[in-house]
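Single-structure report; data block below.
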Amino acid sequence: MSLPNQADEGITFDTFMEGVWRQNPVFVMVLGMCPTLAVTVSAVNGLSMGVATLFVLVSSCLLVSLIRHLVPKEVRIATYIVIIATFVTLVDYLIQAASLALYEALGAFIQLIVVNCIILGRAEAHASKNPPLKAVVNALGMGVGFAIGLLALGGTREILGAGKLFGISLFGEHFQPWVVMVLPPGGFFVLGGWLLLFALFRKKPVTEGGHAHD
Amino acid sequence: MSMELRTSPHQISERNVPTIMKHVVLSLLPVCAFSVWQYGLSALALLLTITATCLLTERLLNRSAGQASTLGDWSATITGVLLALTLPPSFPLWMGVVAGFVAIAIGKALFGGLGFNVFNPALIGRAFVQAAFPVAITTWVPAFSAQRFSEFVPTTLTAPLMMPPDVVEWVKLQAVDAFTGATPLARWKFENVIASTHDLLTGAVTASAGETSAILILVCGLYLAARKFMDWRIPVAVLASAALTAWLFQLYDPTHYPAPTFVLLSGGLMLGAVYMATDMATSPVTPLGVWIYGAVIGVVTVMIRYFGGLTEGVMYAILLGNALTPFIDLYTQPRVFGTRQQGKNK
């Protein structure tokens, strides 16, 4: 751990890395599968969806953490949803203004960020119990982890399904596209493959080094 | 005098998985030989490549899982051979490697190996490449071309990851009379031309490597059934239900729907009914269940052929039958002797 441990409430390197590695939303917690499978037909789509979710996640976790002592327990979920929906509306307009093509490619899934279980999950499980800075660092890690997951899926599906990465042709014009990879079954195949790989990576330190990385 | 006390079974059968599988492979040899005679080097290369891929994948996955090698049960060999027989003879070899890997890795090993797989592994491999490479899997070449033993079909040796070249020019050079590049099922569906029964029986039609001669597949199947290496009820149920469904449709509109003989003999129905549907791990075990399973496959095949977007439906029909197998087994359990009194369940 690069940063020294502070008090009980302290921010450690693991506060950030938890979402990237140990509790990666896509590869370990397997949360938010709806956008993960639906929009990752290309690396650009995957990455922009990841960044959009990252923005909503960080902003709502910050706000939830700031007002955590003010919200009565009984209405907290409704409050979180209103906060999340506000930021999603913001992102929705932002993407529409920035790139209409991307907006059309992502379709309803931008609005559906509001029901992404990672965001509500982090608000409920972490942000509502921790001070703002720690909540933001943790949310940043989770968002980065989610974006990495979506980029990995989108990249793999674009390479196999179109022979391109970020729209740049990799294998020349005679490449044979794997049609299945840009279809829904391809999403499941690639996700399964990545889950398998990630499980292998995570398992190694436990079996060989004697202790896990957590 | 020493007396030995033993519990049943007292008569131990010589039959085990490797023996049965070995006989299935043996019975497939004539079908393979006919396919190679028809399509030459390309079919031979496809058969060998896919079988080798299946064996290699099985070995690698055994090793990575720390298991003893399961190559000796011959099941990976069957998967490879059957998979190659369901593909067009001109199928690029690198796509065959993909199909073989998917068949063993996703179709079998992920479920826990032989006996735990829900679906027929060979058909999983074929379904994957059908979805991934829809053009290559419906590109057909003529049988009995003159140079079939001296040169490959151009598509066979396509470089990995690359698109196979167009075979239209090559097919013209072969100067085979009236070759249309379509299977009998496609010609019926799109051109309303019905192939003659004689051609279908002897294999003088365009088709996948091992689907051509219905007679040969039936004879090989009869051998397996006679030696009780497979359940004869399954192919009989599949073929009977397909024939019955086709006959009902023909009664309804003879101008539009073909005769039951055409439905039985064309496409992969024979190969599927005899070799795919009878896979022991993925078919029901109860006597009644076997009939239901076969009937479902037969009816669904005809329905896909008549009303689906695809010309051939055997693969999806069998995969659907595989998926239903656990439920069929569950609801057709025979009554255990002595569990009923005076007509009432205890």
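A note on labels: chains of the structure tokens are A, B, ... as shown, every chain counts residues from 1, and ligands are counted from 1 in their shown order.
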For the alpha helix (DSSP H) assignment from backbone DSSP, which residues of stretch 62-205 of chain B qualify? Please present them as a ChimeraX atom specification. /B:62-64,75-86,93-105,121-132,168-174,184-191,197-202
Considering only C-alpha atoms, return as a ChimeraX atom specification whatever protein or nucleic-acid residues lie within 8 Å of stretch 163-168 of chain A, sequence-local ones (same chain, fewer than 6 positions apart) excluded. /A:42-44,155,175-177
At a cut-off of 9 Å, which residues of chain B touch chain A? Count only C-alpha atoms and give the answer as JSON, numbers by chain. {"B": [128, 129, 130, 131, 132, 133, 134, 160, 161, 162, 163, 164]}
Residues within 9 Å of stretch 67-74 of chain A, please, as a ChimeraX atom specification. Count only C-alpha atoms; anything in the same chain fewer than 3 positions from it doesn't count. /A:62-64,77-79,127-131
With C-alpha atoms retained, could you export that selection as an mmCIF file, in the first residue's frame?
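This is the output file result_0.cif:
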data_model
loop_
_atom_site.group_PDB
_atom_site.id
_atom_site.type_symbol
_atom_site.label_atom_id
_atom_site.label_comp_id
_atom_site.auth_asym_id
_atom_site.auth_seq_id
_atom_site.Cartn_x
_atom_site.Cartn_y
_atom_site.Cartn_z
ATOM 1 C CA LEU A 62 -20.242 13.293 -3.317
ATOM 2 C CA LEU A 63 -23.701 14.757 -2.847
ATOM 3 C CA VAL A 64 -25.034 11.730 -0.992
ATOM 4 C CA ILE A 77 -33.478 5.480 -1.386
ATOM 5 C CA ALA A 78 -35.901 7.969 -2.935
ATOM 6 C CA THR A 79 -33.464 10.782 -2.158
ATOM 7 C CA ALA A 127 -21.167 7.150 0.328
ATOM 8 C CA SER A 128 -23.956 7.355 2.915
ATOM 9 C CA LYS A 129 -21.598 6.104 5.635
ATOM 10 C CA ASN A 130 -18.339 7.892 4.800
ATOM 11 C CA PRO A 131 -17.035 11.460 4.612
#
Atom CA of B:Thr139 to atom CA of B:Trp188, straight-line distance in Å: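 Here the two named atoms are 16.9 Å from each other.
DSSP, applied to the backbone of this structure, assigns strand (DSSP E) to the following residues of stretch 12-182 of chain A: Lys164, Leu165, Ile168 and Ser169 of chain A.
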Name all residues at most 10 Å from B:Ser35 (count only C-alpha atoms; drop same-chain ones fewer than 6 positions away) and give them as an MDAnalysis selection string. chainID B and resid 29 42:44 47 85 89 143 203 208:213
So that I have them on file, write out the residues from the current selection with N, CA and C atoms, as a PDB file, in the first residue's frame.
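Output contents, as saved in result17.pdb:
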ATOM      1  N   LEU B  29     -16.664 -43.911 -39.869  1.00  0.00           N
ATOM      2  CA  LEU B  29     -15.600 -43.960 -40.879  1.00  0.00           C
ATOM      3  C   LEU B  29     -16.133 -44.062 -42.307  1.00  0.00           C
ATOM      4  N   SER B  42     -10.077 -31.174 -49.684  1.00  0.00           N
ATOM      5  CA  SER B  42     -10.641 -30.171 -48.784  1.00  0.00           C
ATOM      6  C   SER B  42     -11.389 -30.824 -47.627  1.00  0.00           C
ATOM      7  N   ALA B  43     -12.212 -31.831 -47.958  1.00  0.00           N
ATOM      8  CA  ALA B  43     -12.974 -32.510 -46.913  1.00  0.00           C
ATOM      9  C   ALA B  43     -12.037 -33.239 -45.958  1.00  0.00           C
ATOM     10  N   LEU B  44     -10.996 -33.878 -46.519  1.00  0.00           N
ATOM     11  CA  LEU B  44     -10.042 -34.606 -45.682  1.00  0.00           C
ATOM     12  C   LEU B  44      -9.328 -33.641 -44.730  1.00  0.00           C
ATOM     13  N   LEU B  47     -11.705 -32.505 -41.957  1.00  0.00           N
ATOM     14  CA  LEU B  47     -11.916 -33.568 -40.962  1.00  0.00           C
ATOM     15  C   LEU B  47     -10.730 -33.661 -40.007  1.00  0.00           C
ATOM     16  N   LEU B  85     -18.287 -33.086 -40.245  1.00  0.00           N
ATOM     17  CA  LEU B  85     -19.265 -33.611 -41.194  1.00  0.00           C
ATOM     18  C   LEU B  85     -20.458 -32.681 -41.383  1.00  0.00           C
ATOM     19  N   PRO B  89     -17.856 -28.604 -47.150  1.00  0.00           N
ATOM     20  CA  PRO B  89     -16.490 -29.089 -47.399  1.00  0.00           C
ATOM     21  C   PRO B  89     -15.526 -27.965 -47.730  1.00  0.00           C
ATOM     22  N   ALA B 143     -19.743 -31.504 -55.742  1.00  0.00           N
ATOM     23  CA  ALA B 143     -19.078 -32.763 -55.429  1.00  0.00           C
ATOM     24  C   ALA B 143     -18.461 -33.323 -56.712  1.00  0.00           C
ATOM     25  N   GLY B 203     -26.448 -39.246 -52.703  1.00  0.00           N
ATOM     26  CA  GLY B 203     -25.528 -38.186 -52.327  1.00  0.00           C
ATOM     27  C   GLY B 203     -25.074 -37.328 -53.476  1.00  0.00           C
ATOM     28  N   SER B 208     -23.443 -30.317 -46.850  1.00  0.00           N
ATOM     29  CA  SER B 208     -22.316 -30.371 -45.937  1.00  0.00           C
ATOM     30  C   SER B 208     -21.541 -31.660 -46.166  1.00  0.00           C
ATOM     31  N   ALA B 209     -20.302 -31.688 -45.655  1.00  0.00           N
ATOM     32  CA  ALA B 209     -19.396 -32.792 -45.958  1.00  0.00           C
ATOM     33  C   ALA B 209     -20.008 -34.159 -45.702  1.00  0.00           C
ATOM     34  N   GLY B 210     -20.742 -34.315 -44.614  1.00  0.00           N
ATOM     35  CA  GLY B 210     -21.198 -35.659 -44.263  1.00  0.00           C
ATOM     36  C   GLY B 210     -22.692 -35.863 -44.377  1.00  0.00           C
ATOM     37  N   GLU B 211     -23.389 -34.970 -45.040  1.00  0.00           N
ATOM     38  CA  GLU B 211     -24.846 -35.076 -45.039  1.00  0.00           C
ATOM     39  C   GLU B 211     -25.397 -35.631 -46.327  1.00  0.00           C
ATOM     40  N   THR B 212     -24.501 -36.074 -47.219  1.00  0.00           N
ATOM     41  CA  THR B 212     -24.977 -36.280 -48.574  1.00  0.00           C
ATOM     42  C   THR B 212     -25.737 -37.579 -48.777  1.00  0.00           C
ATOM     43  N   SER B 213     -25.132 -38.705 -48.415  1.00  0.00           N
ATOM     44  CA  SER B 213     -25.801 -39.959 -48.747  1.00  0.00           C
ATOM     45  C   SER B 213     -26.640 -40.459 -47.584  1.00  0.00           C
TER      46      SER B 213
END
Figure out the distance between atom CA of A:Gly46 and atom CA of A:Cys61, please, to one decimal in Å. 22.0 Å
Using 6 Å as the limit and counting only C-alpha atoms, can you tabulate each residue of stretch 119-193 of chain A that touches stretch 19-34 of chain A, with its shortest atom-to-atom distance in Å and the two atoms involved, as a Markdown table?
| residue | atom | partner | partner_atom | distance |
| --- | --- | --- | --- | --- |
| A:Gly141 | CA | A:Gly19 | CA | 4.7 |
| A:Met142 | CA | A:Gly19 | CA | 3.9 |
| A:Gly145 | CA | A:Val20 | CA | 4.0 |
| A:Phe146 | CA | A:Pro25 | CA | 5.7 |
| A:Gly149 | CA | A:Val26 | CA | 5.7 |
Nearest to B:Asn62: which of B:Leu28, B:Lys228, B:Lys108, B:Val98 is it, counting only C-alpha atoms?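 Under the stated criterion, the closest residue is B:Lys108.
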Write out as a ChimeraX atom specification which residues come within 7 Å of stretch 290-298 of chain B when counting only C-alpha atoms, dropping same-chain ones fewer than 3 positions away. /B:233-235,237-239,241-242,284-287,301-302,317-318,321
Writer output for current selection, N, CA and C atoms, as a PDB file, in the first residue's frame:
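For reference, result_25.pdb as written:
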ATOM      1  N   ARG B 233     -34.811 -45.858 -30.726  1.00  0.00           N
ATOM      2  CA  ARG B 233     -36.090 -45.143 -30.653  1.00  0.00           C
ATOM      3  C   ARG B 233     -35.924 -43.673 -31.037  1.00  0.00           C
ATOM      4  N   ILE B 234     -34.748 -43.096 -30.736  1.00  0.00           N
ATOM      5  CA  ILE B 234     -34.592 -41.661 -30.988  1.00  0.00           C
ATOM      6  C   ILE B 234     -34.627 -41.338 -32.486  1.00  0.00           C
ATOM      7  N   PRO B 235     -33.747 -41.980 -33.307  1.00  0.00           N
ATOM      8  CA  PRO B 235     -33.861 -41.666 -34.744  1.00  0.00           C
ATOM      9  C   PRO B 235     -35.240 -41.996 -35.306  1.00  0.00           C
ATOM     10  N   ALA B 237     -38.105 -41.916 -33.765  1.00  0.00           N
ATOM     11  CA  ALA B 237     -39.058 -40.887 -33.351  1.00  0.00           C
ATOM     12  C   ALA B 237     -38.840 -39.587 -34.127  1.00  0.00           C
ATOM     13  N   VAL B 238     -37.562 -39.207 -34.304  1.00  0.00           N
ATOM     14  CA  VAL B 238     -37.268 -37.961 -35.029  1.00  0.00           C
ATOM     15  C   VAL B 238     -37.790 -38.050 -36.461  1.00  0.00           C
ATOM     16  N   LEU B 239     -37.402 -39.158 -37.141  1.00  0.00           N
ATOM     17  CA  LEU B 239     -37.769 -39.275 -38.554  1.00  0.00           C
ATOM     18  C   LEU B 239     -39.274 -39.431 -38.714  1.00  0.00           C
ATOM     19  N   SER B 241     -41.718 -38.374 -36.710  1.00  0.00           N
ATOM     20  CA  SER B 241     -42.469 -37.142 -36.437  1.00  0.00           C
ATOM     21  C   SER B 241     -42.242 -36.118 -37.539  1.00  0.00           C
ATOM     22  N   ALA B 242     -40.999 -36.072 -38.081  1.00  0.00           N
ATOM     23  CA  ALA B 242     -40.743 -35.149 -39.187  1.00  0.00           C
ATOM     24  C   ALA B 242     -41.580 -35.548 -40.403  1.00  0.00           C
ATOM     25  N   PRO B 284     -32.837 -37.913 -23.275  1.00  0.00           N
ATOM     26  CA  PRO B 284     -33.496 -38.458 -22.084  1.00  0.00           C
ATOM     27  C   PRO B 284     -33.180 -39.948 -21.877  1.00  0.00           C
ATOM     28  N   VAL B 285     -33.438 -40.440 -20.674  1.00  0.00           N
ATOM     29  CA  VAL B 285     -33.166 -41.846 -20.389  1.00  0.00           C
ATOM     30  C   VAL B 285     -34.441 -42.661 -20.200  1.00  0.00           C
ATOM     31  N   THR B 286     -35.576 -41.988 -19.962  1.00  0.00           N
ATOM     32  CA  THR B 286     -36.788 -42.758 -19.708  1.00  0.00           C
ATOM     33  C   THR B 286     -37.389 -43.225 -21.033  1.00  0.00           C
ATOM     34  N   PRO B 287     -38.061 -44.402 -21.048  1.00  0.00           N
ATOM     35  CA  PRO B 287     -38.597 -44.949 -22.301  1.00  0.00           C
ATOM     36  C   PRO B 287     -39.583 -44.001 -22.982  1.00  0.00           C
ATOM     37  N   THR B 301     -37.811 -29.277 -36.435  1.00  0.00           N
ATOM     38  CA  THR B 301     -37.023 -29.225 -37.676  1.00  0.00           C
ATOM     39  C   THR B 301     -37.889 -28.794 -38.856  1.00  0.00           C
ATOM     40  N   VAL B 302     -39.035 -29.462 -39.007  1.00  0.00           N
ATOM     41  CA  VAL B 302     -39.909 -29.148 -40.144  1.00  0.00           C
ATOM     42  C   VAL B 302     -40.437 -27.715 -40.026  1.00  0.00           C
ATOM     43  N   ALA B 317     -33.132 -27.505 -33.764  1.00  0.00           N
ATOM     44  CA  ALA B 317     -34.129 -28.429 -33.220  1.00  0.00           C
ATOM     45  C   ALA B 317     -33.486 -29.367 -32.200  1.00  0.00           C
ATOM     46  N   ILE B 318     -32.300 -29.885 -32.525  1.00  0.00           N
ATOM     47  CA  ILE B 318     -31.639 -30.806 -31.593  1.00  0.00           C
ATOM     48  C   ILE B 318     -31.173 -30.055 -30.342  1.00  0.00           C
ATOM     49  N   GLY B 321     -34.091 -29.688 -28.234  1.00  0.00           N
ATOM     50  CA  GLY B 321     -34.383 -30.981 -27.604  1.00  0.00           C
ATOM     51  C   GLY B 321     -33.451 -31.237 -26.426  1.00  0.00           C
TER      52      GLY B 321
END
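For the choices A:Leu197, A:Ile84, A:Leu47, A:Ile11, the atom-to-atom distance to A:Leu102 is smallest for A:Leu47 when using only C-alpha atoms.
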Give me the residues within 9 Å of stretch 51-59 of chain A as a count of residues only, counting only C-alpha atoms and dropping any in the same chain fewer than 5 places off. 33
In Å, rounded to a single decimal, give me how far atom CA of B:Arg126 is from atom CA of B:Pro92.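 Going from atom CA of B:Pro92 over to atom CA of B:Arg126, I get 13.4 Å.
For stretch 70-79 of chain B, the residues within 6 Å (counting only C-alpha atoms, excluding itself and residues fewer than 6 positions away along the chain) are Pro18, Met21, Val25, Thr51, Cys54, Leu55 and Ala122 of chain B.
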